[in-house]
$ cat data25.txt   # compact mmCIF, C-alpha atoms
# COMPACT_ATOMS: atom_id res chain seq x y z
CA MET X 51 87.46 75.06 118.17
CA THR X 52 90.74 75.92 119.80
CA VAL X 53 92.98 78.89 119.08
CA ILE X 54 96.56 78.63 120.34
CA ASN X 55 98.76 81.74 120.40
CA GLU X 56 102.48 81.33 120.97
CA LYS X 57 105.26 83.87 120.63
CA ILE X 58 108.90 83.35 119.65
CA ASN X 59 111.34 86.16 120.48
CA ILE X 60 114.24 86.44 118.07
CA GLN X 61 117.30 88.65 118.15
CA THR X 62 118.24 89.78 114.61
CA LYS X 63 121.15 91.67 113.08
CA GLY X 64 118.87 93.56 110.67
CA PHE X 65 120.05 94.41 107.11
CA THR X 66 118.03 91.59 105.48
CA ASP X 67 119.05 89.11 108.16
CA ILE X 68 117.48 85.73 107.31
CA ILE X 69 116.71 83.45 110.26
CA ASN X 70 115.54 79.85 110.09
CA ILE X 71 112.60 79.47 112.49
CA THR X 72 111.42 76.03 111.30
CA ASP X 73 112.51 74.07 114.36
CA ASP X 74 110.84 76.52 116.75
CA ILE X 75 107.56 76.11 114.90
CA ILE X 76 107.76 72.32 114.71
CA ALA X 77 108.44 72.29 118.46
CA ILE X 78 105.24 74.29 119.11
CA VAL X 79 103.15 72.03 116.85
CA ASP X 80 104.58 68.96 118.63
CA LYS X 81 104.12 70.43 122.12
CA HIS X 82 100.40 70.95 121.54
CA LYS X 83 100.03 67.55 119.81
CA ILE X 84 98.19 69.11 116.87
CA GLU X 85 96.69 66.38 114.65
CA ASN X 86 95.23 68.53 111.86
CA GLY X 87 95.12 72.30 111.81
CA HIS X 88 96.03 75.64 110.33
CA VAL X 89 99.23 77.40 111.41
CA LEU X 90 99.67 81.14 110.84
CA ILE X 91 103.23 82.45 111.20
CA TYR X 92 103.14 86.23 111.55
CA VAL X 93 105.62 88.97 112.38
CA PRO X 94 104.22 92.36 113.41
CA GLY X 95 106.03 95.46 112.14
CA SER X 96 106.63 97.21 108.83
CA THR X 97 110.24 96.17 108.10
CA ALA X 98 110.17 92.38 108.56
CA SER X 99 108.65 89.45 106.67
CA ILE X 100 107.88 85.73 106.87
CA THR X 101 108.42 83.43 103.87
CA THR X 102 110.19 80.16 103.06
CA VAL X 103 113.46 79.24 101.33
CA GLU X 104 115.89 76.36 101.05
CA TYR X 105 118.10 77.51 103.91
CA GLU X 106 121.61 77.03 102.48
CA PRO X 107 124.56 79.44 102.22
CA GLY X 108 124.15 80.19 98.50
CA LEU X 109 120.54 81.32 98.72
CA LEU X 110 121.31 83.33 101.86
CA LYS X 111 123.37 85.51 99.51
CA ASP X 112 121.07 85.28 96.47
CA LEU X 113 117.95 86.46 98.27
CA PRO X 114 119.47 89.71 99.65
CA GLU X 115 121.00 90.39 96.21
CA ALA X 116 117.58 90.03 94.57
CA PHE X 117 116.04 92.40 97.12
CA GLU X 118 118.92 94.81 96.56
CA LYS X 119 118.02 94.91 92.86
CA PHE X 120 114.32 95.36 93.60
CA ALA X 121 114.66 98.00 96.36
CA PRO X 122 118.32 99.07 96.75
CA MET X 123 119.59 100.32 100.11
CA GLU X 124 121.51 103.25 98.59
CA HIS X 125 118.55 104.71 96.69
CA THR X 126 117.04 107.91 98.15
CA TYR X 127 113.55 107.14 99.45
CA HIS X 128 110.88 109.73 100.20
CA HIS X 129 110.44 107.97 103.54
CA ASP X 130 114.03 108.80 104.48
CA GLU X 131 113.69 112.44 103.38
CA THR X 132 110.95 112.82 105.98
CA TRP X 133 112.12 110.57 108.80
CA HIS X 134 115.89 110.36 108.21
CA ASP X 135 116.02 106.85 109.61
CA GLY X 136 117.50 105.43 106.40
CA ASN X 137 115.31 102.32 106.23
CA GLY X 138 113.00 103.22 103.31
CA TYR X 139 114.31 100.18 101.40
CA ALA X 140 113.28 97.93 104.31
CA HIS X 141 109.67 99.15 104.27
CA VAL X 142 109.35 98.62 100.51
CA ARG X 143 110.78 95.09 100.71
CA ALA X 144 108.55 94.08 103.62
CA SER X 145 105.37 95.37 101.92
CA MET X 146 106.25 93.23 98.91
CA VAL X 147 107.00 89.96 100.73
CA GLY X 148 104.33 90.26 103.42
CA ASN X 149 104.09 89.70 107.19
CA SER X 150 102.77 86.16 107.27
CA GLU X 151 102.67 82.73 105.74
CA SER X 152 100.22 79.92 106.56
CA PHE X 153 100.92 76.19 106.71
CA PRO X 154 98.78 73.10 107.13
CA VAL X 155 99.41 70.48 109.79
CA ILE X 156 98.30 67.09 108.48
CA SER X 157 98.48 63.91 110.58
CA LYS X 158 100.68 65.67 113.15
CA GLU X 159 103.17 66.89 110.55
CA LEU X 160 103.88 70.51 109.60
CA TYR X 161 103.60 70.01 105.86
CA LEU X 162 106.90 71.31 104.42
CA GLY X 163 108.92 70.24 101.39
CA THR X 164 112.22 68.46 102.00
CA TRP X 165 114.29 71.55 101.17
CA GLN X 166 111.85 74.17 102.46
CA GLN X 167 112.50 76.11 105.66
CA ILE X 168 110.36 78.83 107.24
CA ILE X 169 112.27 82.09 107.62
CA LEU X 170 112.01 85.44 109.32
CA ILE X 171 113.64 88.22 107.29
CA ASP X 172 114.55 91.39 109.16
CA PHE X 173 115.06 94.14 106.58
CA ASP X 174 115.57 96.98 109.08
CA ASN X 175 118.89 98.83 109.22
CA LYS X 176 119.75 97.93 112.81
CA PRO X 177 119.58 94.92 115.12
CA ARG X 178 116.08 94.27 116.45
CA THR X 179 114.27 91.93 118.79
CA ARG X 180 111.38 90.49 116.81
CA SER X 181 108.32 88.66 118.12
CA VAL X 182 107.03 86.00 115.76
CA ILE X 183 103.45 84.91 116.47
CA VAL X 184 102.50 81.29 115.89
CA GLN X 185 98.72 81.00 115.84
CA ILE X 186 97.28 77.51 115.49
CA ILE X 187 93.60 76.83 114.78
CA TYR X 188 92.36 73.26 115.08
CA MET K 237 85.26 72.76 114.18
CA THR K 238 86.15 70.69 111.16
CA VAL K 239 89.46 70.61 109.31
CA ILE K 240 89.39 69.07 105.84
CA ASN K 241 92.66 68.23 104.10
CA GLU K 242 92.59 67.38 100.41
CA LYS K 243 95.48 66.94 97.99
CA ILE K 244 95.60 67.65 94.25
CA ASN K 245 98.47 66.08 92.29
CA ILE K 246 99.57 68.11 89.29
CA GLN K 247 102.08 67.30 86.56
CA THR K 248 104.00 70.45 85.55
CA LYS K 249 106.49 71.31 82.83
CA GLY K 250 108.57 73.51 85.17
CA PHE K 251 110.23 76.73 83.88
CA THR K 252 107.58 79.06 85.37
CA ASP K 253 104.75 76.82 84.19
CA ILE K 254 101.45 78.44 85.22
CA ILE K 255 98.54 76.07 85.88
CA ASN K 256 94.93 77.05 86.53
CA ILE K 257 93.72 75.05 89.56
CA THR K 258 90.50 76.99 90.17
CA ASP K 259 88.09 74.27 89.03
CA ASP K 260 89.79 71.62 91.20
CA ILE K 261 89.36 73.83 94.24
CA ILE K 262 85.75 74.72 93.51
CA ALA K 263 85.03 70.99 93.10
CA ILE K 264 86.46 70.29 96.57
CA VAL K 265 84.48 73.13 98.17
CA ASP K 266 81.31 71.84 96.47
CA LYS K 267 81.95 68.18 97.36
CA HIS K 268 82.13 69.03 101.07
CA LYS K 269 79.12 71.39 100.85
CA ILE K 270 81.03 74.16 102.66
CA GLU K 271 78.64 76.98 103.61
CA ASN K 272 81.14 79.43 105.16
CA GLY K 273 84.79 78.76 105.78
CA HIS K 274 88.43 79.49 105.23
CA VAL K 275 90.33 77.79 102.39
CA LEU K 276 94.12 77.58 102.44
CA ILE K 277 95.75 76.63 99.13
CA TYR K 278 99.33 75.59 99.75
CA VAL K 279 102.14 74.02 97.74
CA PRO K 280 105.06 72.49 99.68
CA GLY K 281 108.54 72.97 98.22
CA SER K 282 110.98 75.81 97.64
CA THR K 283 110.56 76.37 93.88
CA ALA K 284 106.78 76.66 93.46
CA SER K 285 104.12 79.21 94.43
CA ILE K 286 100.39 79.80 94.68
CA THR K 287 98.83 83.11 93.61
CA THR K 288 96.02 84.36 91.36
CA VAL K 289 95.87 85.91 87.89
CA GLU K 290 93.44 86.51 85.06
CA TYR K 291 94.23 83.28 83.25
CA GLU K 292 94.47 84.43 79.62
CA PRO K 293 97.23 83.93 77.00
CA GLY K 294 98.67 87.47 77.24
CA LEU K 295 99.28 87.40 81.00
CA LEU K 296 100.67 83.85 80.73
CA LYS K 297 103.52 85.54 78.82
CA ASP K 298 103.65 88.77 80.85
CA LEU K 299 104.03 87.09 84.23
CA PRO K 300 107.10 84.97 83.28
CA GLU K 301 108.63 88.05 81.61
CA ALA K 302 108.23 90.06 84.82
CA PHE K 303 109.82 87.25 86.85
CA GLU K 304 112.63 87.06 84.29
CA LYS K 305 113.36 90.73 84.93
CA PHE K 306 113.20 90.29 88.71
CA ALA K 307 115.25 87.07 88.93
CA PRO K 308 116.67 86.13 85.50
CA MET K 309 117.35 82.46 84.65
CA GLU K 310 120.73 83.21 83.05
CA HIS K 311 122.18 85.08 86.04
CA THR K 312 124.81 83.18 88.07
CA TYR K 313 123.36 82.40 91.51
CA HIS K 314 125.41 81.43 94.55
CA HIS K 315 122.97 78.54 94.96
CA ASP K 316 124.04 77.12 91.61
CA GLU K 317 127.73 77.53 92.36
CA THR K 318 127.24 75.17 95.31
CA TRP K 319 124.62 72.75 94.05
CA HIS K 320 124.99 72.99 90.24
CA ASP K 321 121.31 72.30 89.73
CA GLY K 322 120.77 75.57 87.86
CA ASN K 323 117.52 76.54 89.58
CA GLY K 324 118.70 79.43 91.78
CA TYR K 325 116.32 81.76 89.93
CA ALA K 326 113.42 79.44 90.85
CA HIS K 327 114.17 79.60 94.57
CA VAL K 328 114.38 83.40 94.56
CA ARG K 329 111.09 83.75 92.67
CA ALA K 330 109.25 81.31 94.95
CA SER K 331 110.45 83.04 98.15
CA MET K 332 109.09 86.29 96.77
CA VAL K 333 105.64 85.07 95.71
CA GLY K 334 105.05 82.63 98.58
CA ASN K 335 103.72 79.10 98.98
CA SER K 336 100.11 79.82 99.81
CA GLU K 337 97.07 81.97 99.34
CA SER K 338 93.87 81.94 101.42
CA PHE K 339 90.30 82.45 100.24
CA PRO K 340 86.95 82.85 101.95
CA VAL K 341 83.95 80.69 101.16
CA ILE K 342 80.78 82.72 101.70
CA SER K 343 77.29 81.25 101.23
CA LYS K 344 78.74 78.19 99.48
CA GLU K 345 80.74 80.26 97.01
CA LEU K 346 84.54 80.43 96.73
CA TYR K 347 84.79 84.20 96.68
CA LEU K 348 86.74 85.05 93.49
CA GLY K 349 86.58 88.01 91.13
CA THR K 350 85.12 87.45 87.67
CA TRP K 351 88.54 87.48 85.99
CA GLN K 352 90.51 85.95 88.86
CA GLN K 353 91.83 82.39 88.71
CA ILE K 354 93.90 80.52 91.31
CA ILE K 355 97.21 79.35 89.89
CA LEU K 356 100.10 77.06 90.74
CA ILE K 357 103.41 78.36 89.36
CA ASP K 358 106.22 75.83 89.03
CA PHE K 359 109.48 77.79 88.73
CA ASP K 360 111.80 74.73 88.80
CA ASN K 361 113.97 73.92 85.77
CA LYS K 362 112.46 70.51 85.05
CA PRO K 363 109.04 68.84 84.96
CA ARG K 364 107.73 68.01 88.44
CA THR K 365 104.77 66.34 90.06
CA ARG K 366 103.42 68.84 92.60
CA SER K 367 101.01 68.20 95.45
CA VAL K 368 98.74 71.14 96.19
CA ILE K 369 97.11 71.00 99.62
CA VAL K 370 93.59 72.35 100.02
CA GLN K 371 92.86 72.82 103.73
CA ILE K 372 89.36 73.96 104.63
CA ILE K 373 88.40 75.14 108.11
CA TYR K 374 84.71 75.64 108.86
CA MET P 215 83.53 77.32 115.75
CA THR P 216 82.24 80.57 114.36
CA VAL P 217 82.95 82.08 110.95
CA ILE P 218 82.16 85.77 110.57
CA ASN P 219 82.08 87.33 107.11
CA GLU P 220 82.02 91.09 106.79
CA LYS P 221 82.44 93.27 103.73
CA ILE P 222 83.90 96.77 103.44
CA ASN P 223 83.12 98.71 100.26
CA ILE P 224 85.82 101.15 99.23
CA GLN P 225 85.90 103.72 96.47
CA THR P 226 89.39 103.92 94.93
CA LYS P 227 91.07 106.18 92.38
CA GLY P 228 93.01 103.27 90.81
CA PHE P 229 96.58 103.76 89.51
CA THR P 230 98.22 102.11 92.56
CA ASP P 231 95.94 103.95 94.95
CA ILE P 232 96.91 102.95 98.51
CA ILE P 233 94.13 103.05 101.11
CA ASN P 234 94.50 102.57 104.86
CA ILE P 235 91.81 100.11 105.99
CA THR P 236 93.17 99.45 109.49
CA ASP P 237 90.46 101.32 111.40
CA ASP P 238 87.67 99.55 109.51
CA ILE P 239 89.14 96.19 110.45
CA ILE P 240 89.71 97.08 114.10
CA ALA P 241 86.09 98.27 114.25
CA ILE P 242 84.87 94.87 112.99
CA VAL P 243 87.06 92.96 115.47
CA ASP P 244 85.77 95.18 118.28
CA LYS P 245 82.12 94.93 117.19
CA HIS P 246 82.19 91.14 117.41
CA LYS P 247 84.18 91.18 120.67
CA ILE P 248 86.73 88.70 119.31
CA GLU P 249 88.98 87.45 122.12
CA ASN P 250 91.37 85.24 120.11
CA GLY P 251 91.04 84.41 116.45
CA HIS P 252 92.28 84.45 112.91
CA VAL P 253 91.44 87.37 110.61
CA LEU P 254 91.70 87.00 106.84
CA ILE P 255 91.65 90.27 104.87
CA TYR P 256 90.94 89.51 101.22
CA VAL P 257 90.16 91.52 98.11
CA PRO P 258 88.64 89.64 95.14
CA GLY P 259 89.81 90.63 91.67
CA SER P 260 92.98 90.42 89.61
CA THR P 261 94.25 94.01 89.84
CA ALA P 262 94.15 94.74 93.58
CA SER P 263 96.11 93.56 96.62
CA ILE P 264 96.18 93.56 100.41
CA THR P 265 99.42 94.11 102.34
CA THR P 266 100.76 96.34 105.12
CA VAL P 267 102.95 99.45 105.23
CA GLU P 268 103.80 102.33 107.54
CA TYR P 269 101.14 104.67 106.18
CA GLU P 270 103.00 107.95 105.84
CA PRO P 271 103.40 110.35 102.85
CA GLY P 272 106.95 109.28 101.95
CA LEU P 273 106.18 105.59 101.60
CA LEU P 274 102.98 106.37 99.71
CA LYS P 275 105.34 107.64 97.00
CA ASP P 276 108.09 105.03 97.47
CA LEU P 277 105.83 102.02 97.07
CA PRO P 278 104.33 103.06 93.68
CA GLU P 279 107.85 103.95 92.48
CA ALA P 280 109.10 100.46 93.39
CA PHE P 281 106.16 98.87 91.56
CA GLU P 282 106.84 101.13 88.59
CA LYS P 283 110.35 99.72 88.41
CA PHE P 284 109.14 96.14 88.78
CA ALA P 285 106.21 96.35 86.31
CA PRO P 286 106.16 99.75 84.57
CA MET P 287 102.87 101.21 83.33
CA GLU P 288 104.32 102.30 79.97
CA HIS P 289 105.72 98.88 79.01
CA THR P 290 103.77 97.01 76.29
CA TYR P 291 102.13 93.94 77.85
CA HIS P 292 100.82 90.96 75.90
CA HIS P 293 97.64 91.35 77.94
CA ASP P 294 97.08 94.80 76.46
CA GLU P 295 97.76 93.61 72.92
CA THR P 296 94.82 91.25 73.27
CA TRP P 297 92.39 93.21 75.43
CA HIS P 298 93.43 96.85 74.84
CA ASP P 299 92.43 97.83 78.36
CA GLY P 300 95.92 99.08 79.21
CA ASN P 301 96.12 97.51 82.67
CA GLY P 302 98.63 94.70 82.07
CA TYR P 303 100.96 96.30 84.62
CA ALA P 304 98.18 96.12 87.23
CA HIS P 305 97.67 92.39 86.77
CA VAL P 306 101.40 91.65 87.07
CA ARG P 307 101.72 93.75 90.25
CA ALA P 308 98.66 92.16 91.89
CA SER P 309 99.84 88.59 91.17
CA MET P 310 103.12 89.42 92.86
CA VAL P 311 101.73 91.04 96.03
CA GLY P 312 98.72 88.75 96.46
CA ASN P 313 95.03 89.17 97.33
CA SER P 314 95.13 88.58 101.05
CA GLU P 315 96.95 88.91 104.32
CA SER P 316 96.11 87.18 107.61
CA PHE P 317 96.41 88.59 111.12
CA PRO P 318 96.03 87.17 114.61
CA VAL P 319 93.73 88.65 117.23
CA ILE P 320 95.21 88.02 120.67
CA SER P 321 93.46 89.09 123.90
CA LYS P 322 91.01 91.26 121.90
CA GLU P 323 93.78 93.08 120.05
CA LEU P 324 94.46 92.95 116.29
CA TYR P 325 98.16 92.26 116.58
CA LEU P 326 99.86 95.02 114.54
CA GLY P 327 103.19 96.77 114.95
CA THR P 328 103.19 100.41 116.08
CA TRP P 329 103.96 101.70 112.59
CA GLN P 330 102.13 99.04 110.61
CA GLN P 331 98.86 99.71 108.81
CA ILE P 332 96.78 97.33 106.69
CA ILE P 333 96.33 98.62 103.15
CA LEU P 334 94.30 97.96 100.04
CA ILE P 335 96.23 98.75 96.86
CA ASP P 336 94.18 99.28 93.71
CA PHE P 337 96.54 98.89 90.74
CA ASP P 338 93.84 99.19 88.04
CA ASN P 339 93.92 102.09 85.56
CA LYS P 340 90.58 103.59 86.53
CA PRO P 341 88.55 104.33 89.68
CA ARG P 342 86.89 101.21 91.09
CA THR P 343 84.57 100.23 93.91
CA ARG P 344 86.33 97.41 95.76
CA SER P 345 84.86 94.99 98.25
CA VAL P 346 87.27 93.90 100.95
CA ILE P 347 86.24 90.74 102.78
CA VAL P 348 87.04 90.43 106.48
CA GLN P 349 86.66 86.79 107.52
CA ILE P 350 87.16 86.02 111.19
CA ILE P 351 87.48 82.48 112.54
CA TYR P 352 87.36 81.99 116.32

$ encode --input "data25.txt" --output "structure tokens"
Amino acid sequence: MTVINEKINIQTKGFTDIINITDDIIAIVDKHKIENGHVLIYVPGSTASITTVEYEPGLLKDLPEAFEKFAPMEHTYHHDETWHDGNGYAHVRASMVGNSESFPVISKELYLGTWQQIILIDFDNKPRTRSVIVQIIY
Amino acid sequence: MTVINEKINIQTKGFTDIINITDDIIAIVDKHKIENGHVLIYVPGSTASITTVEYEPGLLKDLPEAFEKFAPMEHTYHHDETWHDGNGYAHVRASMVGNSESFPVISKELYLGTWQQIILIDFDNKPRTRSVIVQIIY
Amino acid sequence: MTVINEKINIQTKGFTDIINITDDIIAIVDKHKIENGHVLIYVPGSTASITTVEYEPGLLKDLPEAFEKFAPMEHTYHHDETWHDGNGYAHVRASMVGNSESFPVISKELYLGTWQQIILIDFDNKPRTRSVIVQIIY
């Protein structure tokens, strides 16, 4: 078996910044000529997540609004009372969505729906440089 | 190493239709006589998800009600203002729950709890034919 | 390829009890001297989840409060009308967060952020003994 580990470095604006990383991942799958395999997309950290969405301007507003309802930025979090870094909302959102998503490669194709893009969401309350790990097993 | 890719085609009714796919997956694990391995269950698309639940009539009402509170159907989404397909709620729900779930096979058994079933949820606002990918690595 | 299956047994208090299992998992990765590989952390059952969080006292209050807003304990669930076990809220929360999370091991290191711990959340309304499966593929 082969395990491939690749890293993508991404500059974010924070504040539930949603970044389309689909093309980066397809490029890695293509570069290694993966025929069939399992692709783990993973972001380390406690204020960022990986998921998918139809990457279009409407949903780029809808998704942050839904998170705002679920874990509002202006709410007082116990985390902030202790650490005063003001990103309690970001931790709660990231724990809910999760740090990774896995995808199959089948016959050389990363198996996505037509309107489905892989995204990094940076919930933190400041710009960050994030490392997204792409681990392929085949 | 061996990578097995299987596909299950499922007719849904949409509107947060919850379908128990556990038996299909167990049948695939059994057919290939998997002793120990990693099973990825994955649905492509941006309005459907894979997760687990105790598949009983009460929770089949509770789960849609919880999603309705989190991302209501009747809310006006920016996605719908642009595309007028009325399924903004479905995109938001699917991004939150995710497209996949992974399970271990241990000593030939798909390792589930007694009251835990694997489900496909189709959030879209119309009936769909969904392809669920079962990728086994062993 | 090698598949390693290990099990960690954990006594919980239930009621959205959040338990830091990071050290147990690092110990397993170290014991098997994994160089590069894929680690699936999975809890069977329909009222428990695996995710990550910065494990500090503030967030250990914030996370249950967010879940309480999303799926309150005191709400009447259809599940409870049928089964009278009073844990409908726990099922809804677990379906949302999911039973597993996957992590890469790269150059012998379980690739976590500085402030990111792996947690088991037991949502059930009573103490439970949970088995967490650690499946490593390398």

$ closest_residue --input "data25.txt" --among "K:His320, K:Phe306, K:Ile277, K:Thr258" --to "K:Glu242" --atoms "only C-alpha atoms"
K:Ile277

$ interface_residues --input "data25.txt" --of "chain X" --to "chain P" --cutoff "8 Å" --atoms "only C-alpha atoms" --output "mmCIF file with C-alpha atoms, keeping the file's coordinate frame"
data_model
loop_
_atom_site.group_PDB
_atom_site.id
_atom_site.type_symbol
_atom_site.label_atom_id
_atom_site.label_comp_id
_atom_site.auth_asym_id
_atom_site.auth_seq_id
_atom_site.Cartn_x
_atom_site.Cartn_y
_atom_site.Cartn_z
ATOM 1 C CA MET X 51 87.460 75.060 118.170
ATOM 2 C CA THR X 52 90.740 75.920 119.800
ATOM 3 C CA VAL X 53 92.980 78.890 119.080
ATOM 4 C CA ASN X 55 98.760 81.740 120.400
ATOM 5 C CA LEU X 90 99.670 81.140 110.840
ATOM 6 C CA TYR X 92 103.140 86.230 111.550
ATOM 7 C CA PRO X 94 104.220 92.360 113.410
ATOM 8 C CA GLY X 95 106.030 95.460 112.140
ATOM 9 C CA SER X 96 106.630 97.210 108.830
ATOM 10 C CA PHE X 120 114.320 95.360 93.600
ATOM 11 C CA ALA X 121 114.660 98.000 96.360
ATOM 12 C CA TYR X 127 113.550 107.140 99.450
ATOM 13 C CA HIS X 128 110.880 109.730 100.200
ATOM 14 C CA HIS X 129 110.440 107.970 103.540
ATOM 15 C CA ASP X 130 114.030 108.800 104.480
ATOM 16 C CA GLU X 131 113.690 112.440 103.380
ATOM 17 C CA THR X 132 110.950 112.820 105.980
ATOM 18 C CA GLY X 138 113.000 103.220 103.310
ATOM 19 C CA HIS X 141 109.670 99.150 104.270
ATOM 20 C CA VAL X 142 109.350 98.620 100.510
ATOM 21 C CA ALA X 144 108.550 94.080 103.620
ATOM 22 C CA SER X 145 105.370 95.370 101.920
ATOM 23 C CA MET X 146 106.250 93.230 98.910
ATOM 24 C CA VAL X 147 107.000 89.960 100.730
ATOM 25 C CA GLY X 148 104.330 90.260 103.420
ATOM 26 C CA ASN X 149 104.090 89.700 107.190
ATOM 27 C CA SER X 150 102.770 86.160 107.270
ATOM 28 C CA ILE X 183 103.450 84.910 116.470
ATOM 29 C CA GLN X 185 98.720 81.000 115.840
ATOM 30 C CA ILE X 187 93.600 76.830 114.780
#

$ closest_residue --input "data25.txt" --among "K:Glu345, K:Asp360, K:Glu304, K:Glu310" --to "K:Ile264" --atoms "all atoms listed in the file"
K:Glu345

$ atom_distance --input "data25.txt" --atom1 "atom CA of X:Ile75" --atom2 "atom CA of K:Val265"
28.7 Å

$ axis_aligned_box --input "data25.txt" --around "stretch 311-324 of chain K" --padding-each-side "4 Å" --output "JSON"
{"center_x": 122.6, "center_y": 78.7, "center_z": 90.7, "size_x": 18.2, "size_y": 20.8, "size_z": 17.3}

$ decode --input "data25.txt" --residues "stretch 148-161 of chain X" --atoms "C-alpha atoms" --output "PDB file, in the first residue's frame"
ATOM      1  CA  GLY X 148     -15.520  18.728  11.896  1.00  0.00           C
ATOM      2  CA  ASN X 149     -11.900  18.855  10.691  1.00  0.00           C
ATOM      3  CA  SER X 150     -12.061  16.439   7.784  1.00  0.00           C
ATOM      4  CA  GLU X 151     -14.009  14.959   4.941  1.00  0.00           C
ATOM      5  CA  SER X 152     -13.124  11.850   2.914  1.00  0.00           C
ATOM      6  CA  PHE X 153     -13.650  11.254  -0.800  1.00  0.00           C
ATOM      7  CA  PRO X 154     -13.255   8.272  -3.094  1.00  0.00           C
ATOM      8  CA  VAL X 155     -11.178   8.353  -6.260  1.00  0.00           C
ATOM      9  CA  ILE X 156     -12.706   5.981  -8.807  1.00  0.00           C
ATOM     10  CA  SER X 157     -11.158   5.369 -12.239  1.00  0.00           C
ATOM     11  CA  LYS X 158      -8.864   8.381 -11.807  1.00  0.00           C
ATOM     12  CA  GLU X 159     -11.707  10.736 -10.913  1.00  0.00           C
ATOM     13  CA  LEU X 160     -12.257  12.490  -7.575  1.00  0.00           C
ATOM     14  CA  TYR X 161     -15.897  11.521  -7.202  1.00  0.00           C
TER      15      TYR X 161
END
